[in-house]
file coords_13.txt (compact mmCIF, C-alpha atoms)
# COMPACT_ATOMS: atom_id res chain seq x y z
CA MET A 694 -16.29 -42.31 47.01
CA LYS A 695 -14.86 -39.30 48.79
CA LYS A 696 -13.81 -36.34 46.67
CA GLY A 697 -10.21 -36.49 47.92
CA MET A 698 -9.86 -40.09 46.79
CA LYS A 699 -11.40 -39.20 43.42
CA ILE A 700 -8.78 -36.51 42.90
CA VAL A 701 -5.91 -38.89 43.77
CA LEU A 702 -7.24 -41.62 41.46
CA PHE A 703 -7.79 -39.07 38.68
CA LEU A 704 -4.19 -37.79 38.93
CA VAL A 705 -2.80 -41.33 38.88
CA PHE A 706 -5.00 -42.20 35.89
CA THR A 707 -3.90 -39.06 34.01
CA ILE A 708 -0.18 -39.82 34.51
CA VAL A 709 -0.50 -43.49 33.53
CA TRP A 710 -2.72 -42.63 30.57
CA SER A 711 -0.26 -39.99 29.31
CA ILE A 712 2.57 -42.54 29.40
CA ILE A 713 0.46 -45.06 27.45
CA VAL A 714 -0.50 -42.42 24.86
CA TYR A 715 3.16 -41.44 24.44
CA LEU A 716 4.33 -45.04 24.02
CA PHE A 717 1.69 -45.85 21.41
CA ASN A 718 1.84 -42.46 19.63
CA GLY A 719 -1.89 -41.87 20.07
CA GLU A 720 -1.65 -38.15 20.75
CA TRP A 721 -5.36 -37.44 20.16
CA LEU A 722 -6.11 -39.66 23.19
CA HIS A 723 -4.62 -36.95 25.44
CA PHE A 724 -8.13 -35.45 25.52
CA ILE A 725 -9.59 -38.48 27.35
CA PRO A 726 -8.62 -37.18 30.85
CA LEU A 727 -10.71 -34.06 30.15
CA VAL A 728 -13.75 -36.28 29.61
CA VAL A 729 -12.97 -38.27 32.76
CA ALA A 730 -12.57 -35.04 34.76
CA ASP A 731 -15.96 -33.83 33.56
CA VAL A 732 -17.61 -37.15 34.52
CA LEU A 733 -16.04 -37.17 37.99
CA PHE A 734 -16.10 -33.52 39.00
CA PHE A 735 -17.75 -30.95 36.76
CA GLU A 736 -20.72 -32.78 35.20
CA THR A 737 -21.17 -30.11 32.54
CA ILE A 738 -22.18 -32.69 29.93
CA SER A 739 -24.63 -35.55 30.42
CA TRP A 740 -22.48 -38.41 29.14
CA GLN A 741 -25.25 -40.93 29.84
CA PHE A 742 -27.98 -38.94 28.15
CA TRP A 743 -30.02 -42.07 27.43
CA LYS A 744 -30.50 -42.69 31.13
CA LYS A 745 -32.85 -40.80 33.36
CA LYS A 746 -30.71 -38.74 35.66
CA GLU A 747 -31.32 -39.25 39.35
CA LYS A 748 -31.77 -36.09 41.31
CA LYS A 749 -29.08 -35.67 43.93
CA GLU A 750 -29.16 -33.30 46.80
CA LYS A 751 -26.35 -30.86 46.24
CA LYS A 752 -25.12 -27.92 48.15
CA LYS A 753 -26.65 -24.90 46.48
CA LYS A 754 -24.08 -22.77 44.65
CA SER A 755 -24.12 -19.02 44.79
CA GLU A 756 -25.20 -17.23 41.64
CA LEU A 757 -21.71 -15.73 41.26
CA ARG A 758 -20.04 -19.15 41.43
CA THR A 759 -22.52 -20.55 38.90
CA TRP A 760 -21.71 -17.75 36.46
CA VAL A 761 -17.95 -18.08 37.01
CA GLU A 762 -18.04 -21.84 36.39
CA ALA A 763 -20.21 -21.43 33.28
CA ILE A 764 -17.92 -18.76 31.81
CA ALA A 765 -14.78 -20.76 32.66
CA PHE A 766 -16.18 -23.88 30.97
CA ALA A 767 -17.21 -21.88 27.89
CA VAL A 768 -13.76 -20.27 27.59
CA VAL A 769 -11.89 -23.57 28.01
CA ALA A 770 -14.16 -25.37 25.52
CA ALA A 771 -13.88 -22.56 22.95
CA HIS A 772 -10.10 -22.41 23.41
CA ILE A 773 -9.73 -26.16 22.80
CA LEU A 774 -12.04 -25.94 19.77
CA ARG A 775 -10.10 -22.96 18.35
CA THR A 776 -6.68 -24.49 18.98
CA PHE A 777 -7.23 -28.04 17.78
CA PHE A 778 -10.29 -28.13 15.54
CA ILE A 779 -11.61 -25.01 13.79
CA GLU A 780 -10.96 -21.25 13.86
CA ALA A 781 -12.61 -18.18 12.37
CA TYR A 782 -10.63 -15.93 10.02
CA THR A 783 -11.36 -12.73 8.08
CA ILE A 784 -10.09 -11.80 4.60
CA PRO A 785 -8.43 -8.38 5.07
CA THR A 786 -6.86 -7.78 1.63
CA SER A 787 -7.60 -8.33 -2.05
CA SER A 788 -4.73 -10.76 -2.73
CA MET A 789 -7.15 -13.66 -3.34
CA GLU A 790 -9.78 -11.74 -5.35
CA LYS A 791 -12.08 -13.02 -6.82
CA SER A 792 -11.76 -16.49 -5.32
CA MET A 793 -12.06 -14.87 -1.89
CA LEU A 794 -13.32 -11.35 -1.29
CA ILE A 795 -12.48 -8.62 1.19
CA GLY A 796 -15.07 -9.00 3.92
CA ASP A 797 -15.33 -12.78 3.69
CA PHE A 798 -15.44 -14.52 7.09
CA LEU A 799 -14.01 -18.03 6.90
CA PHE A 800 -13.80 -21.11 9.03
CA VAL A 801 -10.34 -22.68 8.96
CA SER A 802 -9.89 -26.38 9.65
CA LYS A 803 -7.03 -27.32 11.96
CA LEU A 804 -7.83 -31.01 11.45
CA ALA A 805 -7.15 -30.91 7.69
CA TYR A 806 -3.35 -30.99 8.08
CA GLY A 807 -3.25 -31.75 11.80
CA PRO A 808 -3.41 -29.12 14.55
CA ARG A 809 -0.14 -27.50 15.54
CA VAL A 810 0.53 -27.78 19.26
CA PRO A 811 0.75 -24.22 20.69
CA MET A 812 4.36 -23.06 20.66
CA THR A 813 3.67 -20.25 23.16
CA PRO A 814 1.09 -21.89 25.47
CA VAL A 815 1.08 -19.13 28.07
CA ALA A 816 -1.35 -16.72 26.43
CA VAL A 817 -4.69 -14.99 26.78
CA PRO A 818 -7.26 -17.44 25.34
CA LEU A 819 -9.30 -16.75 22.19
CA VAL A 820 -7.09 -13.93 20.87
CA HIS A 821 -4.11 -13.97 18.52
CA HIS A 822 -1.10 -11.77 19.30
CA THR A 823 -2.56 -8.59 20.81
CA ILE A 824 -5.07 -7.98 23.61
CA PRO A 825 -8.11 -6.31 21.99
CA GLY A 826 -8.36 -2.58 22.66
CA THR A 827 -4.70 -2.34 23.63
CA LYS A 828 -1.28 -2.58 22.04
CA LYS A 829 -0.10 -5.13 24.58
CA LYS A 830 0.90 -8.60 23.46
CA SER A 831 -1.45 -11.39 24.48
CA TYR A 832 1.21 -13.99 25.23
CA SER A 833 4.31 -14.67 27.30
CA GLU A 834 7.45 -16.39 26.05
CA ILE A 835 8.30 -17.72 29.50
CA VAL A 836 7.40 -21.19 28.18
CA LYS A 837 8.29 -22.22 24.61
CA VAL A 838 7.29 -25.54 23.07
CA PRO A 839 9.17 -27.01 20.07
CA TYR A 840 7.20 -27.37 16.84
CA HIS A 841 4.98 -30.44 16.72
CA ARG A 842 1.97 -31.16 14.52
CA MET A 843 -0.59 -33.75 15.54
CA LYS A 844 -1.93 -36.25 13.03
CA GLY A 845 -4.48 -34.76 10.67
CA LEU A 846 -6.86 -35.86 7.95
CA GLY A 847 -4.33 -35.37 5.15
CA GLU A 848 -1.43 -33.41 3.68
CA ILE A 849 -1.28 -30.05 1.92
CA LYS A 850 -2.14 -30.48 -1.75
CA ARG A 851 -1.53 -28.23 -4.72
CA ASN A 852 -4.22 -25.55 -5.05
CA ASP A 853 -5.36 -25.81 -1.41
CA CYS A 854 -6.23 -22.43 0.10
CA VAL A 855 -4.04 -22.35 3.21
CA VAL A 856 -4.00 -20.03 6.23
CA PHE A 857 -0.51 -19.56 7.64
CA ASN A 858 1.66 -17.33 9.80
CA TRP A 859 3.50 -14.87 7.57
CA PRO A 860 7.15 -16.01 7.68
CA ALA A 861 8.60 -12.67 6.53
CA GLU A 862 7.23 -10.71 9.49
CA LYS A 863 9.94 -8.59 11.15
CA LEU A 864 8.32 -7.94 14.54
CA ASN A 865 10.20 -10.74 16.36
CA ARG A 866 7.00 -12.49 17.39
CA PRO A 867 6.97 -16.29 17.94
CA VAL A 868 6.01 -18.39 14.92
CA ASP A 869 2.44 -19.08 16.09
CA LYS A 870 1.85 -15.42 16.93
CA LYS A 871 2.90 -13.95 13.59
CA GLU A 872 0.22 -12.33 11.43
CA ASN A 873 -2.15 -14.71 9.64
CA TYR A 874 -2.24 -14.75 5.82
CA VAL A 875 -4.24 -16.82 3.34
CA LYS A 876 -2.97 -17.80 -0.13
CA ARG A 877 -3.23 -20.67 -2.56
CA CYS A 878 -0.57 -23.36 -2.32
CA VAL A 879 0.64 -23.65 -5.92
CA GLY A 880 3.72 -25.76 -5.18
CA ILE A 881 4.44 -28.45 -2.59
CA ALA A 882 7.76 -29.81 -1.31
CA GLY A 883 9.88 -31.16 -4.18
CA ASP A 884 8.11 -29.18 -6.92
CA LYS A 885 9.78 -26.94 -9.47
CA ILE A 886 8.14 -23.52 -9.88
CA GLU A 887 8.55 -21.08 -12.75
CA ILE A 888 6.54 -18.16 -14.13
CA VAL A 889 6.86 -17.38 -17.84
CA ASN A 890 5.12 -14.24 -19.12
CA GLY A 891 2.49 -14.52 -16.41
CA GLN A 892 1.88 -18.26 -16.87
CA LEU A 893 2.63 -20.29 -13.75
CA MET A 894 4.49 -23.51 -14.54
CA VAL A 895 4.58 -26.37 -12.02
CA ASN A 896 7.09 -29.11 -12.83
CA ASP A 897 7.36 -27.70 -16.39
CA GLU A 898 3.58 -27.93 -16.95
CA PRO A 899 0.99 -25.10 -16.86
CA GLN A 900 -0.73 -24.91 -13.48
CA THR A 901 -3.81 -27.12 -13.22
CA GLU A 902 -6.48 -24.70 -12.05
CA PRO A 903 -9.23 -26.10 -9.81
CA GLU A 904 -12.90 -25.49 -10.54
CA GLY A 905 -14.00 -22.28 -8.89
CA MET A 906 -10.59 -20.61 -8.96
CA LYS A 907 -10.88 -17.03 -10.25
CA LYS A 908 -7.46 -15.54 -10.83
CA GLN A 909 -6.96 -11.94 -11.89
CA PHE A 910 -4.39 -10.01 -13.91
CA THR A 911 -4.18 -6.35 -14.85
CA TYR A 912 -5.14 -5.37 -18.37
CA ASN A 913 -4.74 -2.21 -20.41
CA VAL A 914 -8.18 -1.35 -21.80
CA LYS A 915 -8.63 1.23 -24.57
CA THR A 916 -12.03 2.57 -25.58
CA LYS A 917 -13.34 4.70 -28.42
CA GLY A 918 -15.94 7.39 -27.98
CA SER A 919 -17.49 7.02 -24.55
CA GLY A 920 -15.52 5.73 -21.57
CA LEU A 921 -16.33 3.00 -19.06
CA ASN A 922 -18.85 3.38 -16.25
CA PRO A 923 -17.33 2.12 -12.93
CA LYS A 924 -20.78 1.37 -11.46
CA LEU A 925 -21.70 -0.74 -14.51
CA LEU A 926 -18.38 -2.59 -14.36
CA TYR A 927 -18.99 -3.39 -10.69
CA LYS A 928 -22.59 -4.47 -11.23
CA LYS A 929 -21.96 -6.69 -14.26
CA PHE A 930 -18.49 -8.10 -13.60
CA ASP A 931 -17.68 -7.25 -9.96
CA ILE A 932 -14.68 -5.15 -11.09
CA THR A 933 -13.48 -3.34 -7.97
CA GLU A 934 -9.82 -2.60 -8.71
CA GLY A 935 -8.30 -0.42 -11.38
CA SER A 936 -7.55 3.10 -12.47
CA ARG A 937 -7.48 5.40 -15.49
CA GLY A 938 -4.48 5.13 -17.77
CA SER A 939 -2.09 7.82 -18.87
CA ASN A 940 -4.25 8.74 -21.86
CA MET A 941 -7.93 9.54 -22.28
CA ASN A 942 -10.19 6.52 -22.78
CA GLU A 943 -7.46 4.26 -21.37
CA TYR A 944 -7.83 2.14 -18.24
CA ASN A 945 -5.80 -0.33 -16.18
CA LEU A 946 -8.26 -2.87 -14.77
CA PHE A 947 -7.97 -6.07 -12.73
CA LEU A 948 -9.96 -8.69 -14.65
CA THR A 949 -10.88 -12.34 -14.25
CA ASP A 950 -11.26 -14.49 -17.36
CA GLU A 951 -15.04 -14.02 -17.14
CA ALA A 952 -14.77 -10.23 -16.87
CA LEU A 953 -12.26 -10.17 -19.74
CA LYS A 954 -14.67 -12.08 -21.97
CA GLY A 955 -17.60 -9.83 -21.07
CA LEU A 956 -15.66 -6.60 -21.50
CA ASN A 957 -14.52 -7.69 -24.97
CA GLU A 958 -18.17 -7.63 -26.03
CA PHE A 959 -18.57 -3.92 -25.22
CA LYS A 960 -18.95 -2.02 -28.50
CA ASN A 961 -16.90 0.94 -27.29
CA VAL A 962 -13.92 -1.22 -26.24
CA LYS A 963 -11.14 -0.86 -28.80
CA SER A 964 -8.53 -3.26 -27.35
CA ILE A 965 -7.65 -5.20 -24.20
CA THR A 966 -4.03 -6.20 -23.56
CA GLN A 967 -2.72 -8.13 -20.57
CA ASN A 968 0.04 -6.28 -18.74
CA ILE A 969 3.17 -8.48 -18.69
CA ASP A 970 6.26 -7.20 -16.88
CA THR A 971 9.29 -7.81 -19.08
CA THR A 972 11.56 -5.38 -17.24
CA TYR A 973 13.96 -6.39 -14.49
CA ASN A 974 14.55 -3.02 -12.86
CA SER A 975 13.56 -3.91 -9.30
CA PRO A 976 14.88 -7.38 -8.40
CA GLN A 977 15.24 -6.28 -4.77
CA TYR A 978 11.46 -6.53 -4.42
CA TYR A 979 11.40 -10.20 -5.39
CA PHE A 980 12.78 -13.14 -3.45
CA PRO A 981 15.72 -13.59 -2.85
CA ASN A 982 15.77 -9.79 -3.07
CA ASN A 983 19.11 -9.15 -4.74
CA ASN A 984 20.59 -8.37 -8.15
CA ASP A 985 21.88 -11.91 -8.71
CA HIS A 986 18.40 -13.14 -9.69
CA LEU A 987 16.76 -10.80 -12.20
CA TRP A 988 13.16 -11.90 -11.65
CA ASN A 989 9.88 -10.01 -11.58
CA ILE A 990 6.17 -10.58 -10.93
CA ASP A 991 5.49 -12.17 -14.36
CA ASN A 992 8.82 -13.84 -15.09
CA TYR A 993 10.26 -15.73 -12.16
CA GLY A 994 12.44 -18.75 -11.50
CA PRO A 995 12.88 -21.60 -12.01
CA ILE A 996 13.13 -22.47 -8.33
CA LEU A 997 13.03 -25.81 -6.47
CA ILE A 998 10.90 -26.13 -3.31
CA PRO A 999 12.82 -27.90 -0.50
CA LYS A 1000 11.55 -31.25 0.76
CA LYS A 1001 12.17 -32.74 4.21
CA GLY A 1002 15.09 -35.16 4.11
CA SER A 1003 16.34 -34.02 0.70
CA SER A 1004 19.76 -32.44 0.24
CA ILE A 1005 20.99 -29.67 -2.00
CA ASP A 1006 24.46 -28.63 -3.13
CA LEU A 1007 25.24 -25.18 -1.80
CA THR A 1008 27.08 -22.67 -3.97
CA MET A 1009 27.67 -18.95 -3.89
CA GLU A 1010 25.08 -18.71 -6.70
CA ASN A 1011 22.21 -20.35 -4.77
CA ILE A 1012 22.99 -19.71 -1.09
CA ASP A 1013 20.73 -16.63 -1.07
CA LEU A 1014 17.75 -18.84 -1.93
CA TYR A 1015 18.23 -21.04 1.12
CA LYS A 1016 19.91 -18.85 3.76
CA ASP A 1017 16.62 -17.99 5.53
CA ILE A 1018 15.79 -21.69 5.73
CA ILE A 1019 19.19 -22.55 7.16
CA GLU A 1020 19.50 -19.63 9.59
CA ILE A 1021 15.97 -18.64 10.60
CA TYR A 1022 13.52 -21.48 10.00
CA GLU A 1023 15.84 -24.38 10.89
CA GLU A 1024 17.92 -22.45 13.43
CA ASN A 1025 21.51 -23.02 12.33
CA THR A 1026 24.40 -20.59 12.26
CA LEU A 1027 25.50 -19.62 8.76
CA LYS A 1028 28.73 -17.85 7.86
CA ILE A 1029 30.26 -17.09 4.47
CA SER A 1030 33.96 -16.33 4.33
CA GLU A 1031 36.15 -16.13 1.23
CA ASN A 1032 33.52 -17.96 -0.86
CA ASN A 1033 33.37 -20.76 1.70
CA ILE A 1034 30.09 -21.71 3.43
CA TYR A 1035 30.08 -22.63 7.13
CA ILE A 1036 27.03 -24.11 8.88
CA ASN A 1037 27.31 -24.43 12.66
CA ASP A 1038 31.03 -23.56 12.26
CA SER A 1039 31.68 -26.49 9.90
CA LEU A 1040 32.77 -26.04 6.31
CA THR A 1041 30.09 -27.53 4.07
CA SER A 1042 29.04 -27.79 0.44
CA SER A 1043 25.56 -29.26 0.96
CA TYR A 1044 22.56 -29.04 3.27
CA LYS A 1045 19.83 -31.51 4.30
CA PHE A 1046 16.41 -29.96 4.93
CA LYS A 1047 14.61 -30.65 8.21
CA MET A 1048 11.13 -29.53 7.11
CA ASN A 1049 8.84 -29.43 4.09
CA TYR A 1050 8.29 -26.10 2.36
CA TYR A 1051 5.56 -24.70 0.13
CA TRP A 1052 5.08 -21.99 -2.50
CA MET A 1053 2.12 -19.67 -1.90
CA MET A 1054 0.54 -17.27 -4.40
CA GLY A 1055 -2.54 -15.07 -4.43
CA ASP A 1056 -5.11 -15.54 -7.19
CA ASN A 1057 -4.96 -11.78 -7.74
CA ARG A 1058 -1.62 -12.23 -9.43
CA HIS A 1059 -0.76 -8.55 -9.91
CA ASN A 1060 -1.78 -7.48 -6.41
CA SER A 1061 -0.48 -10.08 -4.00
CA ALA A 1062 2.46 -10.04 -1.61
CA ASP A 1063 3.26 -13.75 -1.76
CA SER A 1064 6.14 -16.21 -2.16
CA ARG A 1065 7.42 -14.23 -5.12
CA MET A 1066 8.29 -11.49 -2.61
CA TRP A 1067 9.23 -13.43 0.54
CA GLY A 1068 10.08 -16.96 -0.51
CA PHE A 1069 9.28 -20.39 0.92
CA LEU A 1070 6.61 -21.17 3.50
CA PRO A 1071 7.92 -23.55 6.22
CA GLU A 1072 5.57 -26.29 7.38
CA ASN A 1073 5.73 -25.07 10.99
CA HIS A 1074 4.03 -21.82 9.89
CA VAL A 1075 0.94 -23.60 8.51
CA VAL A 1076 -2.25 -22.91 10.50
CA GLY A 1077 -4.92 -24.80 8.56
CA LYS A 1078 -7.08 -25.16 5.48
CA ALA A 1079 -9.75 -22.62 4.52
CA LEU A 1080 -13.07 -24.51 4.54
CA PHE A 1081 -16.06 -22.27 3.82
CA VAL A 1082 -17.39 -18.72 4.02
CA TRP A 1083 -19.95 -18.33 6.80
CA MET A 1084 -20.48 -14.58 6.30
CA SER A 1085 -19.50 -12.07 3.62
CA TRP A 1086 -19.74 -8.30 4.10
CA ASP A 1087 -19.66 -5.93 1.12
CA LYS A 1088 -18.59 -2.42 2.13
CA ASN A 1089 -19.87 -1.08 -1.21
CA GLY A 1090 -23.37 -2.49 -0.71
CA LYS A 1091 -26.34 -0.72 0.82
CA GLY A 1092 -28.91 -1.96 3.30
CA LEU A 1093 -29.48 -5.70 3.08
CA ASN A 1094 -27.18 -5.81 0.04
CA LYS A 1095 -24.22 -5.24 2.35
CA ILE A 1096 -24.42 -8.98 2.94
CA ARG A 1097 -23.33 -11.08 -0.04
CA TRP A 1098 -26.12 -13.61 0.35
CA ASP A 1099 -24.86 -15.83 -2.47
CA ARG A 1100 -21.56 -16.42 -0.62
CA LEU A 1101 -23.00 -17.52 2.72
CA PHE A 1102 -21.85 -21.04 3.62
CA SER A 1103 -20.12 -21.42 0.25
CA SER A 1104 -17.05 -23.66 0.16
CA VAL A 1105 -13.60 -22.23 -0.55
CA LYS A 1106 -12.25 -23.48 -3.87

call {"tool": "encode", "arguments": {"input": "coords_13.txt", "output": "structure tokens"}}
result
Amino acid sequence: MKKGMKIVLFLVFTIVWSIIVYLFNGEWLHFIPLVVADVLFFETISWQFWKKKEKKEKKKKSELRTWVEAIAFAVVAAHILRTFFIEAYTIPTSSMEKSMLIGDFLFVSKLAYGPRVPMTPVAVPLVHHTIPGTKKKSYSEIVKVPYHRMKGLGEIKRNDCVVFNWPAEKLNRPVDKKENYVKRCVGIAGDKIEIVNGQLMVNDEPQTEPEGMKKQFTYNVKTKGSGLNPKLLYKKFDITEGSRGSNMNEYNLFLTDEALKGLNEFKNVKSITQNIDTTYNSPQYYFPNNNDHLWNIDNYGPILIPKKGSSIDLTMENIDLYKDIIEIYEENTLKISENNIYINDSLTSSYKFKMNYYWMMGDNRHNSADSRMWGFLPENHVVGKALFVWMSWDKNGKGLNKIRWDRLFSSVK
């Protein structure tokens, strides 16, 4: 068959196939034309590997063309893999210590919750929002695609470690080009969240902590006689955060339950007290960032997480909790005049949510900029589920010990 006829038949097949896929809602089948194109034209993969391939006389390609085709195929394949299946991610901050460590390199599954179709498809492949080595953005907003998530293997569950685009970013970047964060999902759509003296309550019950979760709080540690050796604390309990207190032999340390238990056995340790914030002097730092809700890092809520399709009565007392959802995430106009609430220029006393929302918190509870500071996570900001650590780099280590060998290929819990 002549190449021109192949191209015509391929285009007709692609159009008809796309219509069939749309009608039967089988969106993953959109990839089939890529396979057909490779069989007909590119032959980069031996799809009939069990058969002995007949040698065909082909016009010899120049070395430059061979390299260009090989690089183009590699870039396209990697881009599809990164967009729809799995992506690498690095832990930049200590907000998830000690469940995840600074220097951990993760693989993030896009299949877990379903891959999000690119919302800004015109972009440099294999990079996020900035071209490496420059300050220029890596994408164009000439084409914008509405939010759509393909079918995945499941839904977000409580205690999943989720990578997402930070919704509170103020740089006016598109949703899928906002900075990536990773936190633990402690509340799903419809849940009630409250923190009482540092204890997270989910639907009026203490949080069920998964095996392997290592949350941290700050503690005031007082010693008698000799002080504490930072190198010993790091070696025995992996204590990397903390400082001296206001008095001699007094320390403020970030401790896991395991480190707390071990430190209590030190003979020179006089007392260890968990730091619980009972003041309400800075409500502007905590969502919804005003003086009407006197909440802090250890005493917060209660607050209800919006669920798609559910409705809520809007009042002047709770409008601040939901105004970002109404205005920014779900793209309505919101006006308040003389204690009346107008959505899309219509007087209203209720609102029906268009998306599911989630509550994200870092396991390092006293050193995490999370939902307590910026509020709800919309479902269209979700990137994927953290799967496992494929590399972990310890900046404090020396030589071969810079690699945390015990963390290689360990699952994220």

call {"tool": "residues_around", "arguments": {"input": "coords_13.txt", "residues": "region 875-880 of chain A", "least_positions_apart": "2", "cutoff": "10 Å", "atoms": "all atoms listed in the file", "output": "number ranges by chain"}}
result
A: 782-786, 788-789, 792-793, 849-859, 873, 882-886, 893-896, 900-902, 906, 997-998, 1050-1057, 1061-1064, 1069-1070, 1075-1079, 1106

call {"tool": "closest_residue", "arguments": {"input": "coords_13.txt", "among": "A:Glu862, A:Glu951, A:Asp1013, A:Glu762", "to": "Lys929 (chain A)", "atoms": "only C-alpha atoms"}}
result
A:Glu951

call {"tool": "residues_around", "arguments": {"input": "coords_13.txt", "residues": "Gly847 (chain A)", "least_positions_apart": "6", "cutoff": "9 Å", "atoms": "all atoms listed in the file", "output": "ChimeraX atom specification"}}
result
/A:804-807

call {"tool": "residues_around", "arguments": {"input": "coords_13.txt", "residues": "Ile779 (chain A)", "least_positions_apart": "4", "cutoff": "8 Å", "atoms": "only C-alpha atoms", "output": "list of chain:residue names"}}
result
A:Leu774, A:Arg775, A:Phe800, A:Val801, A:Ser802, A:Lys803, A:Leu804

call {"tool": "atom_distance", "arguments": {"input": "coords_13.txt", "atom1": "CA of Asn1011 (chain A)", "atom2": "CA of Lys1028 (chain A)"}}
result
14.4 Å

call {"tool": "closest_residue", "arguments": {"input": "coords_13.txt", "among": "A:Asn957, A:Ser755, A:Asn1073, A:Ser1103", "to": "Ser1085 (chain A)", "atoms": "all atoms listed in the file"}}
result
A:Ser1103

call {"tool": "atom_distance", "arguments": {"input": "coords_13.txt", "atom1": "CA of Asp869 (chain A)", "atom2": "CA of Asp797 (chain A)"}}
result
22.6 Å

call {"tool": "closest_residue", "arguments": {"input": "coords_13.txt", "among": "A:Lys754, A:Arg1058, A:Arg1097, A:Lys863", "to": "Phe910 (chain A)", "atoms": "all atoms listed in the file"}}
result
A:Arg1058

call {"tool": "atom_distance", "arguments": {"input": "coords_13.txt", "atom1": "CA of Leu794 (chain A)", "atom2": "CA of Asn922 (chain A)"}}
result
21.7 Å
